[in-house]
Protein chains: 2
Amino acid sequence: METFLRVDVGRKTAVREKVAENYLKVGGRSLTVKLLLNEITPSCEPLGKNNKLIIATGLFAGTGLSSSGRTSIGGKSPLTGTIKESNSGGILADRLARIGIKAVIIEGLPQDDSWHLLKITPHGCSFIPADPYLGMGTYTLCETILTQFPQAAITCIGPAGEKLYSAAAIAITDKEGKPGRFCGRGGLGALMGSKKIKAIIVEGQGKVPLADEEKFKNCRKRYTQLLKDAPSSAAYREFGTAAMVGAVNALSGLPVRNFSQGSFDQAEQIYAESINASIRQRGGEGKITHACMPGCVIGCSNVFPDANGKAIVSPIEYETIGLLGPNLGISSMDVITRLNFLCNDIGLDTIETGAALGVAMEAGVLRFGDGDGAARILEEARRATVLGRVIGNGVVVTAKVFGIINVPAVKGQAMPAYDPRAIKGMGVTYATSAMGADHTAGPTARSPVEHKSPDGQAALSLKMQKLLPIFDCTGLCLFTIGAVAPRLDLVLDLLNARFGWGLDQGWFEKMSVETLKDEKRFNQLAGFTSVHDRLPECFTERPLPELGTVFDVPEEDLDHLVKYE
Amino acid sequence: METFLRVDVGRKTAVREKVAENYLKVGGRSLTVKLLLNEITPSCEPLGKNNKLIIATGLFAGTGLSSSGRTSIGGKSPLTGTIKESNSGGILADRLARIGIKAVIIEGLPQDDSWHLLKITPHGCSFIPADPYLGMGTYTLCETILTQFPQAAITCIGPAGEKLYSAAAIAITDKEGKPGRFCGRGGLGALMGSKKIKAIIVEGQGKVPLADEEKFKNCRKRYTQLLKDAPSSAAYREFGTAAMVGAVNALSGLPVRNFSQGSFDQAEQIYAESINASIRQRGGEGKITHACMPGCVIGCSNVFPDANGKAIVSPIEYETIGLLGPNLGISSMDVITRLNFLCNDIGLDTIETGAALGVAMEAGVLRFGDGDGAARILEEARRATVLGRVIGNGVVVTAKVFGIINVPAVKGQAMPAYDPRAIKGMGVTYATSAMGADHTAGPTARSPVEHKSPDGQAALSLKMQKLLPIFDCTGLCLFTIGAVAPRLDLVLDLLNARFGWGLDQGWFEKMSVETLKDEKRFNQLAGFTSVHDRLPECFTERPLPELGTVFDVPEEDLDHLVKYE
């Protein structure tokens, strides 16, 4: 029987509930969103007793299907005030599903100042006093916990979440027990911090039932082969997401020095080819290819080593490179990976933090290119100095404090590494996504279109926005899209075999649109209108120097898009 | 001929325009709001080139009618993102009207970093380089300018406005040339700072025409007598607004230690009687009664002296006492007036700043009662340290940075000194005013009702919200209400005599409702909905210890109110 684990941090209770009928056929993002819409008041205080932290598994979680174990975490965002769902790789969803938990719902607010670890096993759930762990960075925390619970999947926050920073992320361990996977966006780490849960430890293994095992195995074989054979998979395996650096730089769409330019004069140093050359040359713990969850045949991840071959961070990804690199005028991969490690360890979203540092640099708090200065500020965030707190609260707060009006954010959330004046489909996604500026909500940068033209971008973004929930609901990784999107029939067969359902392909569209509408409905009840589905003036009125373009997709197109027709 | 002075700070032009027909019969707040609604895009960036700063005179400005020279300043608020109108005493409106200027419209954005003083005379308008004045506090600035232009009315910003702080105010000189009068709310000082205007100097005197001079003089006589005879005027003359300290403390409605309590154990030290006793005892420059504009027969203002009889600040008002006193656990009037002086000199709204300091104290940045610490932080705001910048950006930013969820604010603006759990009519006003938490939008605290009961509060607030635009449009001071509200026929006669109009009394209600609807319409276009017409959870769910009450006026009542029926 699939269950929800409902944890009340006020009363310190944890109860397994049978999953109600209406939640059976949704998973991941779709489940997170539906639970939030049904269970919380959208206008509530994000860090108050009425918000809930939802951790949901995708429909394929626990089946061992390649690249299908994404974990969805959601709540009302402490950063944006919108609905927030952020999903991540790592081993959590697989583990939860294997002990029969479809979702964990964490609610209430502690009545005192004590912090806890939440330990979840097949036999129960317990609160372990967390005093010895407070203040720990995510890496030390996970190492320490793993000495005691070596088989555990760990979900945790760093000092950023403890301090309730709006840019605080939630880390999830990968198959090596490293906290390198993040539900990064929207400050969900602060929401977990408000519940005073420093880490969630999941132990125990089991098998998820397969309604038609033979059919499932059969389909899985074809699916795995499809993934293995896809050119997109080969590219991810070889270059990871860093392949985008060169492509986006060529489009003049990189975030350079707080989005004041779109192409970076030192871009070659951060090209995927350069990164791979360094990894190969340095050897040691460095890896070109790495999988964040067992059985993933893509392996988009990597491990970047220092000059002595010791791992600095894993993975190093495109968005992080963009925001902590060119956006700060930094081209050294050693510096960028060091900043990435610090963000991970402190538990900060790299996109939000990079954008905040970019604004601080524009304000003259430190100069563009000053990697040591950026690292010092991140250490200040760890120690919770006032400056550290400001940066830790994201780009909008940082801009407000330093009087900067060029703020790369939508609905309060920092833009990922695509300048919307150069890659206008991404601009449409940023503007219209219920989550604030979010590249994963409807990624258009890889589509073969004229990115700097406003024409057709709303339609393209809509297509992608309607495609993504299918992946986010099933728990399939975004990076399976290239291979799997043309073969959704196979995904449907796998679903029907897993659960014994008789869904037809129309279900995908129906579920997807329902999720998108649920998200918008939540935001509407939280006080958001079409006025918030816009980019800021610094993108609609300040031309990108290289192209002379502004973001000029008509507002009517944006308003039409959110009808999801 | 009445004119608008339109100043473009980008092109450095200033043009006198004939006032269009549709603006002739509105003044003050109603004019400010109408100009904003017609001339700016409500969703614009408040500190960007598309926002405008409006300075409008009331309909009686320049006539010498007692207590009728309020100046209205407005724009899209850098603090709240809503429409913002804030009005003040002082001599500006009188002077503008006397040289034929009904309103000043400041638009555009400078193309370089240079700052200017704007000098307005009957013969023209000039930009004077402001380099020597940058960084000056408002008192030194006004003293310096007055040595050169001794007759000038000065409107200026302090360091807070220069640094674009969201709590930055605009100061207006009183009849002694002291910058003690403030358009304090909503960060309009930052808007003026974004236009890089450090001060506006108005020179020249003249007479405004009176369509029916004899009738006007006749009515004025009766009006003045009415004001003089009113018990409310006598109370303002003797105690100023500080009379509210005792009254509100008795209702358990004082803001005490970041609104965690409603009655203050050391309240007697800040009672009006104690204040007056100190002023009398210390003598010197101290004054119980003082008028901020020529000819005001109320004289609500005062001058608080130090132990040597030297003036610390003028005036000391109830809201300031509440927010910089009990809200910070401070009971010494010497400390409170010193903090008031610092806020004035730096150019910060005392309400917003007091609320921000209260949150910082709850967060442990300094302890409650630490007046020296509060003064040090204000000096940090002057010097623009990071902590100073945080506080200078108001209570919401401060709370975000320090992770505090008890935030006394609505629509991003700090609450004045009435706890809405004890004085629920004020809560209704805070919730529903288009300006954010604003006591002047619909003051209910002096009404003879059961303030802690939710019954009838929406109707009372609505009544007051509909009454206030009559005063704000004509330029009449709020403190004439007690005397004048029952005799609006006299105000109408004065208006008709001044302009040769034939308005009937129905006009007041029509104009008032139009202003309220204009304001709400602006907000709607700026992205605000009924969700924003609410108090935060810390007032609706956290009971006030003394009374055990929460703010519980039904949401339907709030939603009905804003129809203004």
# chains A, B, ... in the order shown; residues from 1 in each chain; ligands from 1
call {"tool": "interface_residues", "arguments": {"of": "chain B", "to": "chain A", "cutoff": "10 Å", "atoms": "only C-alpha atoms", "output": "PyMOL selection string"}}
result
chain B and resi 42-50+78-79+162-166+190+194+365+384-394+396-398+400-406+524-534+536-538
call {"tool": "write_last_selection", "arguments": {"atoms": "C-alpha atoms", "output": "CSV table (one decimal), in the first residue's frame"}}
result
chain,number,residue,atom,x,y,z
B,42,PRO,CA,1.5,51.4,-12.7
B,43,SER,CA,3.7,48.3,-13.2
B,44,CYS,CA,6.8,50.4,-13.8
B,45,GLU,CA,10.1,50.1,-11.8
B,46,PRO,CA,9.7,52.7,-9.0
B,47,LEU,CA,13.3,53.9,-9.3
B,48,GLY,CA,13.4,53.7,-13.0
B,49,LYS,CA,12.9,56.3,-15.7
B,50,ASN,CA,9.1,55.7,-16.0
B,78,PRO,CA,9.8,52.4,-3.9
B,79,LEU,CA,8.8,50.7,-0.6
B,162,GLU,CA,20.6,59.7,-1.9
B,163,LYS,CA,21.2,56.1,-1.2
B,164,LEU,CA,17.8,55.1,-2.5
B,165,TYR,CA,16.6,53.6,0.8
B,166,SER,CA,13.0,52.5,0.7
B,190,ALA,CA,14.3,57.4,-2.7
B,194,SER,CA,16.6,58.4,-8.2
B,365,VAL,CA,20.9,42.5,16.6
B,384,ALA,CA,25.6,53.4,4.4
B,385,THR,CA,27.1,50.4,6.1
B,386,VAL,CA,25.4,47.2,5.2
B,387,LEU,CA,23.4,47.1,8.4
B,388,GLY,CA,22.5,50.8,8.0
B,389,ARG,CA,21.3,50.0,4.5
B,390,VAL,CA,19.2,47.1,5.7
B,391,ILE,CA,17.4,49.2,8.3
B,392,GLY,CA,17.1,52.1,5.9
B,393,ASN,CA,15.2,49.8,3.5
B,394,GLY,CA,12.4,49.3,6.1
B,396,VAL,CA,10.0,44.0,5.5
B,397,VAL,CA,13.6,43.9,4.2
B,398,THR,CA,15.0,44.0,7.8
B,400,LYS,CA,13.7,39.1,5.6
B,401,VAL,CA,17.4,39.6,6.3
B,402,PHE,CA,17.2,38.6,9.9
B,403,GLY,CA,14.6,35.8,9.5
B,404,ILE,CA,11.8,37.3,11.6
B,405,ILE,CA,8.2,36.5,10.7
B,406,ASN,CA,6.5,39.0,13.1
B,524,GLN,CA,-4.8,46.8,-9.4
B,525,LEU,CA,-2.8,47.8,-12.5
B,526,ALA,CA,0.3,47.4,-10.4
B,527,GLY,CA,-0.6,43.8,-9.5
B,528,PHE,CA,-2.4,44.1,-6.2
B,529,THR,CA,-5.5,42.1,-5.4
B,530,SER,CA,-7.8,41.6,-2.4
B,531,VAL,CA,-5.2,39.2,-1.1
B,532,HIS,CA,-3.1,42.2,-0.2
B,533,ASP,CA,-5.9,43.9,1.7
B,534,ARG,CA,-5.1,41.7,4.7
B,536,PRO,CA,-0.2,39.5,8.4
B,537,GLU,CA,-0.6,36.2,10.4
B,538,CYS,CA,1.2,37.7,13.4
call {"tool": "select_by_dssp", "arguments": {"residues": "region 213-432 of chain B", "states": "strand (DSSP E or B)", "output": "list in words"}}
result
Val256, Gln261, Lys287, Ile288, Thr289, His290, Cys300, Ser301, Asn302, Val303, Phe304, Pro305, Ala311, Ile312, Val313, Leu348, Ala409, Val410, Gln413 and Ala414 of chain B
call {"tool": "write_last_selection", "arguments": {"atoms": "N, CA and C atoms", "output": "CSV table (one decimal), in the first residue's frame"}}
result
chain,number,residue,atom,x,y,z
B,256,VAL,N,4.5,47.8,21.4
B,256,VAL,CA,5.5,47.6,22.5
B,256,VAL,C,6.4,46.4,22.1
B,261,GLN,N,3.5,43.3,22.6
B,261,GLN,CA,2.6,43.7,23.7
B,261,GLN,C,1.9,44.9,23.3
B,287,LYS,N,9.2,74.5,23.4
B,287,LYS,CA,7.9,75.1,23.2
B,287,LYS,C,6.8,74.0,23.3
B,288,ILE,N,5.7,74.3,24.0
B,288,ILE,CA,4.6,73.4,24.1
B,288,ILE,C,3.8,73.5,22.7
B,289,THR,N,3.7,74.7,22.2
B,289,THR,CA,2.9,75.0,21.0
B,289,THR,C,3.8,75.6,19.9
B,290,HIS,N,3.5,75.2,18.7
B,290,HIS,CA,4.3,75.7,17.6
B,290,HIS,C,3.5,75.4,16.3
B,300,CYS,N,-0.3,72.5,16.6
B,300,CYS,CA,-0.2,71.2,17.2
B,300,CYS,C,1.3,70.8,17.5
B,301,SER,N,2.2,71.5,16.9
B,301,SER,CA,3.6,71.2,17.0
B,301,SER,C,4.2,71.6,18.3
B,302,ASN,N,5.4,71.1,18.6
B,302,ASN,CA,6.1,71.5,19.8
B,302,ASN,C,7.6,71.5,19.5
B,303,VAL,N,8.4,72.0,20.5
B,303,VAL,CA,9.8,71.9,20.3
B,303,VAL,C,10.3,71.2,21.6
B,304,PHE,N,11.0,70.1,21.5
B,304,PHE,CA,11.5,69.4,22.7
B,304,PHE,C,13.0,69.8,22.9
B,305,PRO,N,13.3,70.4,24.1
B,305,PRO,CA,14.7,70.8,24.3
B,305,PRO,C,15.5,69.8,25.2
B,311,ALA,N,17.1,73.1,21.6
B,311,ALA,CA,16.1,72.2,20.9
B,311,ALA,C,16.8,71.0,20.4
B,312,ILE,N,16.1,69.8,20.7
B,312,ILE,CA,16.6,68.6,20.1
B,312,ILE,C,15.9,68.3,18.8
B,313,VAL,N,14.6,68.4,18.8
B,313,VAL,CA,13.8,68.2,17.6
B,313,VAL,C,12.4,68.9,17.7
B,348,LEU,N,14.9,59.8,7.1
B,348,LEU,CA,14.2,58.5,7.2
B,348,LEU,C,12.9,58.7,7.8
B,409,ALA,N,3.6,45.0,9.1
B,409,ALA,CA,3.5,45.8,7.8
B,409,ALA,C,2.3,45.3,7.0
B,410,VAL,N,1.8,46.1,6.2
B,410,VAL,CA,0.8,45.7,5.2
B,410,VAL,C,1.2,46.3,3.8
B,413,GLN,N,4.5,48.2,3.9
B,413,GLN,CA,4.7,49.4,4.7
B,413,GLN,C,4.4,49.2,6.2
B,414,ALA,N,5.3,49.7,7.0
B,414,ALA,CA,5.2,49.5,8.4
B,414,ALA,C,4.0,50.1,9.0
call {"tool": "residues_around", "arguments": {"residues": "Leu323 (chain A)", "least_positions_apart": "5", "cutoff": "10 Å", "atoms": "only C-alpha atoms", "output": "MDAnalysis selection string"}}
result
chainID A and resid 254:259 318 328:330 336 350:358 414:418
call {"tool": "write_last_selection", "arguments": {"atoms": "C-alpha atoms", "output": "mmCIF file, in the first residue's frame"}}
result
data_model
loop_
_atom_site.group_PDB
_atom_site.id
_atom_site.type_symbol
_atom_site.label_atom_id
_atom_site.label_comp_id
_atom_site.auth_asym_id
_atom_site.auth_seq_id
_atom_site.Cartn_x
_atom_site.Cartn_y
_atom_site.Cartn_z
ATOM 1 C CA LEU A 254 25.277 34.348 -21.322
ATOM 2 C CA PRO A 255 24.706 36.325 -18.127
ATOM 3 C CA VAL A 256 27.804 38.516 -18.073
ATOM 4 C CA ARG A 257 28.560 40.958 -15.240
ATOM 5 C CA ASN A 258 25.033 41.110 -13.835
ATOM 6 C CA PHE A 259 23.394 40.593 -17.214
ATOM 7 C CA TYR A 318 25.805 25.035 -16.723
ATOM 8 C CA LEU A 328 30.595 37.705 -11.788
ATOM 9 C CA GLY A 329 33.250 38.318 -14.448
ATOM 10 C CA ILE A 330 35.026 35.136 -13.350
ATOM 11 C CA ILE A 336 33.880 28.782 -10.014
ATOM 12 C CA THR A 350 23.857 28.724 -6.853
ATOM 13 C CA ILE A 351 21.609 30.587 -9.306
ATOM 14 C CA GLU A 352 20.082 32.905 -6.717
ATOM 15 C CA THR A 353 23.401 33.424 -4.962
ATOM 16 C CA GLY A 354 25.299 34.100 -8.171
ATOM 17 C CA ALA A 355 22.699 36.638 -9.203
ATOM 18 C CA ALA A 356 22.864 38.305 -5.772
ATOM 19 C CA LEU A 357 26.659 38.496 -5.952
ATOM 20 C CA GLY A 358 26.386 39.980 -9.455
ATOM 21 C CA ALA A 414 16.721 35.050 -9.970
ATOM 22 C CA MET A 415 17.060 34.289 -13.651
ATOM 23 C CA PRO A 416 19.054 31.254 -14.720
ATOM 24 C CA ALA A 417 21.899 31.604 -17.213
ATOM 25 C CA TYR A 418 20.021 32.628 -20.360
#
call {"tool": "residues_around", "arguments": {"residues": "Leu503 (chain B)", "least_positions_apart": "6", "cutoff": "12 Å", "atoms": "only C-alpha atoms", "output": "list in words"}}
result
Lys25, Asp489, Val491, Leu492, Asp493, Leu494, Leu495, Asn496, Ala497, Glu509, Lys510 and Met511 of chain B
call {"tool": "write_last_selection", "arguments": {"atoms": "C-alpha atoms", "output": "short mmCIF file (atom, residue, chain, number, x, y, z; two decimals), in the first residue's frame"}}
result
data_model
loop_
_atom_site.label_atom_id
_atom_site.label_comp_id
_atom_site.auth_asym_id
_atom_site.auth_seq_id
_atom_site.Cartn_x
_atom_site.Cartn_y
_atom_site.Cartn_z
CA LYS B 25 -11.05 70.97 -9.54
CA ASP B 489 -20.70 73.57 4.19
CA VAL B 491 -15.40 74.54 3.45
CA LEU B 492 -17.59 74.42 0.38
CA ASP B 493 -18.38 78.13 0.64
CA LEU B 494 -14.67 78.86 0.94
CA LEU B 495 -13.90 76.77 -2.13
CA ASN B 496 -16.66 78.38 -4.19
CA ALA B 497 -15.48 81.82 -3.10
CA GLU B 509 -18.45 62.52 -1.57
CA LYS B 510 -18.07 62.23 -5.33
CA MET B 511 -14.51 63.54 -5.33
#
call {"tool": "closest_residue", "arguments": {"among": "B:Phe264, B:Phe341, B:Phe551, B:Trp507", "to": "Val428 (chain B)", "atoms": "only C-alpha atoms"}}
result
B:Phe551
call {"tool": "residues_around", "arguments": {"residues": "Ser278 (chain A)", "least_positions_apart": "2", "cutoff": "10 Å", "atoms": "only C-alpha atoms", "output": "list in words"}}
result
Ala272, Glu273, Ser274, Ile275, Asn276, Arg280, Gln281, Arg282, Gly283, Gly286, Ile288, Phe304, Pro305, Asp306, Ala307, Gly309, Met333 and Asp334 of chain A
call {"tool": "write_last_selection", "arguments": {"atoms": "N, CA and C atoms", "output": "PDB file, in the first residue's frame"}}
result
ATOM      1  N   ALA A 272      32.834  23.571 -22.136  1.00  0.00           N
ATOM      2  CA  ALA A 272      32.837  22.171 -21.705  1.00  0.00           C
ATOM      3  C   ALA A 272      34.142  21.479 -22.108  1.00  0.00           C
ATOM      4  N   GLU A 273      34.642  21.806 -23.291  1.00  0.00           N
ATOM      5  CA  GLU A 273      35.876  21.175 -23.767  1.00  0.00           C
ATOM      6  C   GLU A 273      37.039  21.514 -22.830  1.00  0.00           C
ATOM      7  N   SER A 274      37.086  22.757 -22.392  1.00  0.00           N
ATOM      8  CA  SER A 274      38.169  23.151 -21.478  1.00  0.00           C
ATOM      9  C   SER A 274      38.025  22.449 -20.139  1.00  0.00           C
ATOM     10  N   ILE A 275      36.765  22.375 -19.681  1.00  0.00           N
ATOM     11  CA  ILE A 275      36.505  21.709 -18.398  1.00  0.00           C
ATOM     12  C   ILE A 275      36.959  20.252 -18.479  1.00  0.00           C
ATOM     13  N   ASN A 276      36.544  19.574 -19.567  1.00  0.00           N
ATOM     14  CA  ASN A 276      36.915  18.163 -19.707  1.00  0.00           C
ATOM     15  C   ASN A 276      38.424  17.994 -19.815  1.00  0.00           C
ATOM     16  N   ARG A 280      40.524  15.646 -17.350  1.00  0.00           N
ATOM     17  CA  ARG A 280      41.360  14.551 -17.865  1.00  0.00           C
ATOM     18  C   ARG A 280      42.810  14.750 -17.451  1.00  0.00           C
ATOM     19  N   GLN A 281      43.280  15.967 -17.576  1.00  0.00           N
ATOM     20  CA  GLN A 281      44.689  16.248 -17.292  1.00  0.00           C
ATOM     21  C   GLN A 281      45.016  16.063 -15.811  1.00  0.00           C
ATOM     22  N   ARG A 282      44.075  16.486 -14.970  1.00  0.00           N
ATOM     23  CA  ARG A 282      44.338  16.425 -13.542  1.00  0.00           C
ATOM     24  C   ARG A 282      44.124  15.044 -12.945  1.00  0.00           C
ATOM     25  N   GLY A 283      43.235  14.253 -13.580  1.00  0.00           N
ATOM     26  CA  GLY A 283      43.017  12.880 -13.132  1.00  0.00           C
ATOM     27  C   GLY A 283      42.526  12.810 -11.693  1.00  0.00           C
ATOM     28  N   GLY A 286      38.820  13.212 -10.356  1.00  0.00           N
ATOM     29  CA  GLY A 286      38.058  13.842 -11.435  1.00  0.00           C
ATOM     30  C   GLY A 286      37.349  12.824 -12.317  1.00  0.00           C
ATOM     31  N   ILE A 288      34.703  12.693 -15.909  1.00  0.00           N
ATOM     32  CA  ILE A 288      33.934  13.333 -16.976  1.00  0.00           C
ATOM     33  C   ILE A 288      32.459  12.962 -16.829  1.00  0.00           C
ATOM     34  N   PHE A 304      34.741  17.614 -10.632  1.00  0.00           N
ATOM     35  CA  PHE A 304      35.830  18.520 -11.011  1.00  0.00           C
ATOM     36  C   PHE A 304      36.897  18.508  -9.914  1.00  0.00           C
ATOM     37  N   PRO A 305      38.134  18.157 -10.291  1.00  0.00           N
ATOM     38  CA  PRO A 305      39.198  18.038  -9.292  1.00  0.00           C
ATOM     39  C   PRO A 305      40.092  19.282  -9.259  1.00  0.00           C
ATOM     40  N   ASP A 306      40.790  19.439  -8.156  1.00  0.00           N
ATOM     41  CA  ASP A 306      41.776  20.519  -8.101  1.00  0.00           C
ATOM     42  C   ASP A 306      43.077  20.053  -8.758  1.00  0.00           C
ATOM     43  N   ALA A 307      44.100  20.883  -8.704  1.00  0.00           N
ATOM     44  CA  ALA A 307      45.354  20.578  -9.399  1.00  0.00           C
ATOM     45  C   ALA A 307      45.989  19.292  -8.887  1.00  0.00           C
ATOM     46  N   GLY A 309      44.226  16.685  -8.083  1.00  0.00           N
ATOM     47  CA  GLY A 309      43.339  15.569  -8.381  1.00  0.00           C
ATOM     48  C   GLY A 309      42.281  15.326  -7.325  1.00  0.00           C
ATOM     49  N   MET A 333      37.857  28.102 -13.767  1.00  0.00           N
ATOM     50  CA  MET A 333      37.023  26.994 -13.288  1.00  0.00           C
ATOM     51  C   MET A 333      37.393  26.604 -11.853  1.00  0.00           C
ATOM     52  N   ASP A 334      38.631  26.826 -11.464  1.00  0.00           N
ATOM     53  CA  ASP A 334      38.999  26.537 -10.069  1.00  0.00           C
ATOM     54  C   ASP A 334      38.216  27.438  -9.113  1.00  0.00           C
TER      55      ASP A 334
END
call {"tool": "closest_residue", "arguments": {"among": "B:Ala458, B:Val513, B:Leu191, B:Ala56", "to": "Ala431 (chain B)", "atoms": "only C-alpha atoms"}}
result
B:Ala458
call {"tool": "residues_around", "arguments": {"residues": "region 27-29 of chain A", "least_positions_apart": "4", "cutoff": "8 Å", "atoms": "only C-alpha atoms", "output": "ChimeraX atom specification"}}
result
/A:23,33,56-59,70-74,85-87,102,469,472-475,515
call {"tool": "write_last_selection", "arguments": {"atoms": "N, CA and C atoms", "output": "mmCIF file, in the first residue's frame"}}
result
data_model
loop_
_atom_site.group_PDB
_atom_site.id
_atom_site.type_symbol
_atom_site.label_atom_id
_atom_site.label_comp_id
_atom_site.auth_asym_id
_atom_site.auth_seq_id
_atom_site.Cartn_x
_atom_site.Cartn_y
_atom_site.Cartn_z
ATOM 1 N N TYR A 23 -5.064 11.167 -5.274
ATOM 2 C CA TYR A 23 -3.622 11.399 -5.383
ATOM 3 C C TYR A 23 -2.881 10.204 -5.998
ATOM 4 N N VAL A 33 2.166 19.884 -6.001
ATOM 5 C CA VAL A 33 1.322 21.043 -6.266
ATOM 6 C C VAL A 33 -0.106 20.796 -5.806
ATOM 7 N N ALA A 56 7.862 14.672 -2.501
ATOM 8 C CA ALA A 56 7.066 13.694 -3.248
ATOM 9 C C ALA A 56 7.939 12.886 -4.208
ATOM 10 N N THR A 57 7.595 11.625 -4.317
ATOM 11 C CA THR A 57 8.290 10.756 -5.272
ATOM 12 C C THR A 57 7.570 10.818 -6.608
ATOM 13 N N GLY A 58 8.305 10.550 -7.668
ATOM 14 C CA GLY A 58 7.691 10.440 -8.984
ATOM 15 C C GLY A 58 7.055 9.067 -9.154
ATOM 16 N N LEU A 59 6.231 8.928 -10.188
ATOM 17 C CA LEU A 59 5.486 7.669 -10.350
ATOM 18 C C LEU A 59 6.404 6.462 -10.585
ATOM 19 N N ARG A 70 13.806 11.202 -9.783
ATOM 20 C CA ARG A 70 13.828 12.579 -9.291
ATOM 21 C C ARG A 70 12.929 12.731 -8.058
ATOM 22 N N THR A 71 13.393 13.536 -7.130
ATOM 23 C CA THR A 71 12.597 13.882 -5.958
ATOM 24 C C THR A 71 12.039 15.278 -6.128
ATOM 25 N N SER A 72 10.759 15.443 -5.862
ATOM 26 C CA SER A 72 10.113 16.742 -5.943
ATOM 27 C C SER A 72 9.902 17.272 -4.528
ATOM 28 N N ILE A 73 10.358 18.492 -4.291
ATOM 29 C CA ILE A 73 10.096 19.121 -2.992
ATOM 30 C C ILE A 73 9.366 20.434 -3.234
ATOM 31 N N GLY A 74 8.368 20.708 -2.406
ATOM 32 C CA GLY A 74 7.587 21.915 -2.645
ATOM 33 C C GLY A 74 7.021 22.516 -1.373
ATOM 34 N N GLU A 85 7.913 24.389 -6.561
ATOM 35 C CA GLU A 85 8.284 22.992 -6.662
ATOM 36 C C GLU A 85 9.664 22.968 -7.268
ATOM 37 N N SER A 86 10.555 22.246 -6.643
ATOM 38 C CA SER A 86 11.915 22.162 -7.138
ATOM 39 C C SER A 86 12.273 20.698 -7.099
ATOM 40 N N ASN A 87 12.781 20.151 -8.223
ATOM 41 C CA ASN A 87 13.122 18.734 -8.136
ATOM 42 C C ASN A 87 14.577 18.475 -8.431
ATOM 43 N N LYS A 102 4.927 7.429 -0.610
ATOM 44 C CA LYS A 102 4.735 8.192 -1.855
ATOM 45 C C LYS A 102 5.116 9.654 -1.631
ATOM 46 N N PRO A 469 5.754 18.813 -17.280
ATOM 47 C CA PRO A 469 5.093 18.106 -16.170
ATOM 48 C C PRO A 469 5.048 16.593 -16.369
ATOM 49 N N ASP A 472 8.258 15.675 -14.884
ATOM 50 C CA ASP A 472 8.312 16.013 -13.449
ATOM 51 C C ASP A 472 7.337 15.174 -12.620
ATOM 52 N N CYS A 473 6.284 14.709 -13.236
ATOM 53 C CA CYS A 473 5.276 13.904 -12.529
ATOM 54 C C CYS A 473 5.726 12.453 -12.406
ATOM 55 N N THR A 474 6.347 11.973 -13.450
ATOM 56 C CA THR A 474 6.781 10.571 -13.420
ATOM 57 C C THR A 474 8.109 10.420 -12.698
ATOM 58 N N GLY A 475 8.826 11.543 -12.537
ATOM 59 C CA GLY A 475 10.145 11.469 -11.900
ATOM 60 C C GLY A 475 11.274 11.289 -12.901
ATOM 61 N N THR A 515 -1.769 20.302 -13.948
ATOM 62 C CA THR A 515 -0.682 20.739 -13.055
ATOM 63 C C THR A 515 -0.384 22.219 -13.254
#
call {"tool": "residues_around", "arguments": {"residues": "Ala291 (chain A)", "least_positions_apart": "4", "cutoff": "10 Å", "atoms": "only C-alpha atoms", "output": "MDAnalysis selection string"}}
result
chainID A and resid 67 89:90 174:176 237 295:302 315
